[in-house]
file query04.cif (mmCIF, N, CA and C atoms)
data_work
#
loop_
_atom_site.label_atom_id
_atom_site.label_comp_id
_atom_site.auth_asym_id
_atom_site.auth_seq_id
_atom_site.Cartn_x
_atom_site.Cartn_y
_atom_site.Cartn_z
N MET A 1 -15.69 13.31 -32.66
CA MET A 1 -14.52 12.46 -32.43
C MET A 1 -13.53 13.14 -31.49
N LEU A 2 -13.22 14.41 -31.77
CA LEU A 2 -12.28 15.16 -30.92
C LEU A 2 -12.83 15.29 -29.50
N LYS A 3 -14.14 15.46 -29.41
CA LYS A 3 -14.78 15.59 -28.09
C LYS A 3 -14.57 14.30 -27.29
N ASN A 4 -14.69 13.14 -27.93
CA ASN A 4 -14.50 11.86 -27.25
C ASN A 4 -13.06 11.70 -26.77
N ILE A 5 -12.11 12.14 -27.58
CA ILE A 5 -10.70 12.05 -27.21
C ILE A 5 -10.42 12.93 -26.00
N VAL A 6 -10.97 14.15 -26.04
CA VAL A 6 -10.77 15.09 -24.93
C VAL A 6 -11.38 14.52 -23.65
N CYS A 7 -12.56 13.94 -23.76
CA CYS A 7 -13.21 13.34 -22.57
C CYS A 7 -12.38 12.17 -22.03
N SER A 8 -11.87 11.34 -22.93
CA SER A 8 -11.05 10.20 -22.51
C SER A 8 -9.79 10.65 -21.79
N VAL A 9 -9.15 11.65 -22.34
CA VAL A 9 -7.93 12.18 -21.72
C VAL A 9 -8.27 12.76 -20.35
N GLY A 10 -9.39 13.45 -20.24
CA GLY A 10 -9.82 14.03 -18.97
C GLY A 10 -10.05 12.96 -17.91
N VAL A 11 -10.68 11.87 -18.31
CA VAL A 11 -10.94 10.76 -17.38
C VAL A 11 -9.63 10.15 -16.91
N LEU A 12 -8.71 9.89 -17.83
CA LEU A 12 -7.41 9.32 -17.47
C LEU A 12 -6.64 10.25 -16.54
N PHE A 13 -6.69 11.55 -16.81
CA PHE A 13 -6.01 12.53 -15.97
C PHE A 13 -6.60 12.52 -14.56
N SER A 14 -7.92 12.46 -14.47
CA SER A 14 -8.58 12.42 -13.15
C SER A 14 -8.20 11.18 -12.37
N MET A 15 -8.11 10.04 -13.07
CA MET A 15 -7.71 8.81 -12.40
C MET A 15 -6.28 8.92 -11.88
N GLY A 16 -5.42 9.57 -12.64
CA GLY A 16 -4.04 9.77 -12.21
C GLY A 16 -3.96 10.63 -10.97
N LEU A 17 -4.76 11.66 -10.91
CA LEU A 17 -4.78 12.52 -9.73
C LEU A 17 -5.28 11.77 -8.51
N GLN A 18 -6.26 10.92 -8.71
CA GLN A 18 -6.79 10.16 -7.60
C GLN A 18 -5.73 9.24 -7.01
N SER A 19 -4.95 8.59 -7.85
CA SER A 19 -3.93 7.69 -7.32
C SER A 19 -2.84 8.46 -6.59
N CYS A 20 -2.58 9.70 -6.98
CA CYS A 20 -1.59 10.51 -6.28
C CYS A 20 -2.08 10.92 -4.90
N SER A 21 -3.39 10.94 -4.71
CA SER A 21 -3.92 11.36 -3.43
C SER A 21 -4.23 10.18 -2.51
N ASP A 22 -3.82 8.98 -2.91
CA ASP A 22 -4.03 7.82 -2.06
C ASP A 22 -3.36 8.03 -0.71
N PRO A 23 -3.98 7.51 0.35
CA PRO A 23 -3.39 7.69 1.67
C PRO A 23 -2.03 7.01 1.79
N VAL A 24 -1.15 7.66 2.50
CA VAL A 24 0.20 7.14 2.71
C VAL A 24 0.46 7.13 4.21
N HIS A 25 1.09 6.09 4.67
CA HIS A 25 1.49 5.97 6.07
C HIS A 25 2.86 5.32 6.08
N PRO A 26 3.81 5.86 6.85
CA PRO A 26 5.17 5.31 6.82
C PRO A 26 5.24 3.82 7.14
N ASP A 27 4.42 3.37 8.09
CA ASP A 27 4.44 1.95 8.44
C ASP A 27 3.87 1.10 7.32
N SER A 28 2.83 1.60 6.65
CA SER A 28 2.26 0.81 5.55
C SER A 28 3.24 0.75 4.38
N GLU A 29 3.98 1.81 4.15
CA GLU A 29 4.99 1.80 3.08
C GLU A 29 6.06 0.75 3.37
N ARG A 30 6.49 0.68 4.62
CA ARG A 30 7.52 -0.29 5.00
C ARG A 30 7.00 -1.72 4.81
N LEU A 31 5.76 -1.96 5.23
CA LEU A 31 5.18 -3.29 5.09
C LEU A 31 4.93 -3.62 3.61
N CYS A 32 4.50 -2.65 2.84
CA CYS A 32 4.28 -2.89 1.41
C CYS A 32 5.58 -3.22 0.69
N ARG A 33 6.66 -2.56 1.08
CA ARG A 33 7.96 -2.90 0.49
C ARG A 33 8.34 -4.35 0.82
N CYS A 34 8.03 -4.77 2.03
CA CYS A 34 8.31 -6.15 2.43
C CYS A 34 7.47 -7.12 1.59
N TYR A 35 6.18 -6.82 1.42
CA TYR A 35 5.33 -7.67 0.60
C TYR A 35 5.83 -7.73 -0.84
N THR A 36 6.33 -6.62 -1.34
CA THR A 36 6.87 -6.59 -2.70
C THR A 36 8.09 -7.49 -2.80
N GLN A 37 8.96 -7.42 -1.80
CA GLN A 37 10.14 -8.29 -1.79
C GLN A 37 9.72 -9.76 -1.73
N GLN A 38 8.70 -10.05 -0.94
CA GLN A 38 8.22 -11.43 -0.83
C GLN A 38 7.68 -11.90 -2.17
N PHE A 39 6.92 -11.05 -2.84
CA PHE A 39 6.35 -11.40 -4.13
C PHE A 39 7.43 -11.68 -5.17
N ARG A 40 8.52 -10.93 -5.10
CA ARG A 40 9.60 -11.07 -6.08
C ARG A 40 10.63 -12.15 -5.71
N ALA A 41 10.52 -12.68 -4.52
CA ALA A 41 11.54 -13.63 -4.03
C ALA A 41 11.43 -14.98 -4.74
N ASP A 42 12.56 -15.65 -4.75
CA ASP A 42 12.54 -17.02 -5.28
C ASP A 42 11.93 -17.95 -4.24
N SER A 43 11.63 -19.16 -4.64
CA SER A 43 10.91 -20.09 -3.77
C SER A 43 11.68 -20.43 -2.49
N ILE A 44 12.98 -20.27 -2.51
CA ILE A 44 13.79 -20.57 -1.33
C ILE A 44 13.62 -19.49 -0.25
N ARG A 45 13.52 -18.25 -0.67
CA ARG A 45 13.49 -17.14 0.28
C ARG A 45 12.09 -16.65 0.63
N VAL A 46 11.07 -17.09 -0.10
CA VAL A 46 9.74 -16.53 0.09
C VAL A 46 9.21 -16.72 1.51
N ASP A 47 9.45 -17.86 2.12
CA ASP A 47 8.97 -18.11 3.49
C ASP A 47 9.71 -17.26 4.52
N VAL A 48 11.01 -17.09 4.34
CA VAL A 48 11.79 -16.28 5.27
C VAL A 48 11.33 -14.82 5.21
N ILE A 49 11.14 -14.32 4.00
CA ILE A 49 10.68 -12.95 3.85
C ILE A 49 9.26 -12.81 4.39
N GLY A 50 8.43 -13.83 4.16
CA GLY A 50 7.07 -13.81 4.71
C GLY A 50 7.06 -13.73 6.22
N ASP A 51 7.97 -14.45 6.86
CA ASP A 51 8.09 -14.38 8.33
C ASP A 51 8.49 -12.97 8.76
N SER A 52 9.38 -12.35 8.02
CA SER A 52 9.80 -10.98 8.33
C SER A 52 8.63 -10.02 8.18
N CYS A 53 7.84 -10.20 7.13
CA CYS A 53 6.69 -9.32 6.91
C CYS A 53 5.68 -9.48 8.05
N ARG A 54 5.45 -10.70 8.49
CA ARG A 54 4.53 -10.93 9.62
C ARG A 54 5.05 -10.27 10.89
N ALA A 55 6.35 -10.36 11.12
CA ALA A 55 6.94 -9.72 12.30
C ALA A 55 6.79 -8.20 12.23
N ILE A 56 7.01 -7.64 11.04
CA ILE A 56 6.83 -6.19 10.87
C ILE A 56 5.38 -5.82 11.14
N TYR A 57 4.44 -6.58 10.59
CA TYR A 57 3.02 -6.30 10.78
C TYR A 57 2.64 -6.35 12.26
N ILE A 58 3.08 -7.38 12.95
CA ILE A 58 2.76 -7.51 14.39
C ILE A 58 3.35 -6.34 15.17
N GLY A 59 4.58 -5.96 14.86
CA GLY A 59 5.20 -4.81 15.53
C GLY A 59 4.43 -3.53 15.30
N ILE A 60 3.96 -3.33 14.08
CA ILE A 60 3.18 -2.12 13.76
C ILE A 60 1.87 -2.12 14.53
N ILE A 61 1.18 -3.25 14.51
CA ILE A 61 -0.11 -3.35 15.22
C ILE A 61 0.08 -3.07 16.72
N LYS A 62 1.13 -3.63 17.31
CA LYS A 62 1.38 -3.38 18.73
C LYS A 62 1.70 -1.92 19.00
N SER A 63 2.45 -1.29 18.09
CA SER A 63 2.82 0.12 18.32
C SER A 63 1.64 1.07 18.14
N LEU A 64 0.64 0.65 17.38
CA LEU A 64 -0.50 1.53 17.11
C LEU A 64 -1.75 1.15 17.90
N GLU A 65 -1.67 0.13 18.74
CA GLU A 65 -2.87 -0.37 19.40
C GLU A 65 -3.56 0.65 20.30
N ASN A 66 -2.85 1.63 20.79
CA ASN A 66 -3.45 2.64 21.67
C ASN A 66 -3.77 3.94 20.94
N ASP A 67 -3.66 3.94 19.62
CA ASP A 67 -3.93 5.14 18.82
C ASP A 67 -4.86 4.77 17.67
N ALA A 68 -6.16 4.82 17.95
CA ALA A 68 -7.16 4.37 16.98
C ALA A 68 -7.10 5.18 15.68
N GLU A 69 -6.85 6.46 15.79
CA GLU A 69 -6.81 7.31 14.59
C GLU A 69 -5.63 6.92 13.69
N GLU A 70 -4.49 6.74 14.29
CA GLU A 70 -3.29 6.36 13.52
C GLU A 70 -3.44 4.94 12.96
N MET A 71 -4.08 4.06 13.73
CA MET A 71 -4.33 2.70 13.26
C MET A 71 -5.24 2.72 12.03
N ALA A 72 -6.26 3.56 12.05
CA ALA A 72 -7.16 3.66 10.90
C ALA A 72 -6.42 4.17 9.66
N LYS A 73 -5.55 5.15 9.85
CA LYS A 73 -4.75 5.66 8.73
C LYS A 73 -3.85 4.57 8.16
N PHE A 74 -3.23 3.82 9.05
CA PHE A 74 -2.35 2.72 8.63
C PHE A 74 -3.14 1.69 7.83
N GLU A 75 -4.29 1.26 8.35
CA GLU A 75 -5.08 0.24 7.67
C GLU A 75 -5.58 0.72 6.31
N GLU A 76 -5.98 1.97 6.24
CA GLU A 76 -6.45 2.53 4.97
C GLU A 76 -5.31 2.55 3.94
N ALA A 77 -4.15 2.99 4.37
CA ALA A 77 -3.00 3.04 3.46
C ALA A 77 -2.55 1.63 3.08
N LEU A 78 -2.63 0.69 4.00
CA LEU A 78 -2.26 -0.69 3.70
C LEU A 78 -3.20 -1.30 2.68
N ASP A 79 -4.48 -1.00 2.79
CA ASP A 79 -5.46 -1.50 1.82
C ASP A 79 -5.14 -1.00 0.41
N VAL A 80 -4.66 0.24 0.30
CA VAL A 80 -4.31 0.80 -1.00
C VAL A 80 -3.14 0.05 -1.61
N CYS A 81 -2.17 -0.30 -0.80
CA CYS A 81 -0.98 -0.96 -1.33
C CYS A 81 -1.26 -2.40 -1.71
N ARG A 82 -2.25 -3.01 -1.10
CA ARG A 82 -2.57 -4.41 -1.42
C ARG A 82 -3.26 -4.44 -2.73
#

call {"tool": "encode", "arguments": {"input": "query04.cif", "output": "structure tokens"}}
result
Amino acid sequence: MLKNIVCSVGVLFSMGLQSCSDPVHPDSERLCRCYTQQFRADSIRVDVIGDSCRAIYIGIIKSLENDAEEMAKFEEALDVCR
């Protein structure tokens, strides 16, 4: 019984460490915050915030279009936040 508890705690601890090592990118964090605001918005503001999030996304894509490595980091970090 104690062995099962220790194994369970070990698995949970490992999962916690994995989430701490998720990729982070400043642009993806900014966009994720926007998506969070959109999700929490009331029905009146959801479309306006959605437009802002799309504008942020387009700006990020344009700024990273000539840097494939940075674009890949951004996309990976964005996938984590979604």

call {"tool": "atom_distance", "arguments": {"input": "query04.cif", "atom1": "atom C of Leu78 in chain A", "atom2": "atom C of Ile44 in chain A"}}
result
24.9 Å

call {"tool": "atom_distance", "arguments": {"input": "query04.cif", "atom1": "CA of Ala68 in chain A", "atom2": "CA of Ile56 in chain A"}}
result
18.6 Å

call {"tool": "closest_residue", "arguments": {"input": "query04.cif", "among": "A:Arg82, A:Lys73, A:Ile58, A:Phe39", "to": "Pro23 in chain A", "atoms": "only N, CA and C atoms"}}
result
A:Lys73

call {"tool": "atom_distance", "arguments": {"input": "query04.cif", "atom1": "CA of Ala41 in chain A", "atom2": "CA of Arg54 in chain A"}}
result
15.6 Å

call {"tool": "select_by_dssp", "arguments": {"input": "query04.cif", "residues": "range 14-79 of chain A", "states": "helix (DSSP H, G or I)", "output": "count of residues only"}}
result
53

call {"tool": "residues_around", "arguments": {"input": "query04.cif", "residues": "Ser52 in chain A", "least_positions_apart": "5", "cutoff": "8 Å", "atoms": "all atoms listed in the file", "output": "list in words"}}
result
Cys34, Tyr35, Val46, Asp47, Tyr57 and Ile58 of chain A

call {"tool": "residues_around", "arguments": {"input": "query04.cif", "residues": "Glu75 in chain A", "least_positions_apart": "5", "cutoff": "12 Å", "atoms": "only C-alpha atoms", "output": "ChimeraX atom specification"}}
result
/A:23-29,31-32,57,60-61,64-65,68-70,80-82

call {"tool": "axis_aligned_box", "arguments": {"input": "query04.cif", "around": "range 62-68 of chain A", "padding_each_side": "8 Å", "output": "lines of an AutoDock Vina configuration file"}}
result
center_x = -2.2
center_y = 0.8
center_z = 18.7
size_x = 26.0
size_y = 24.8
size_z = 22.0
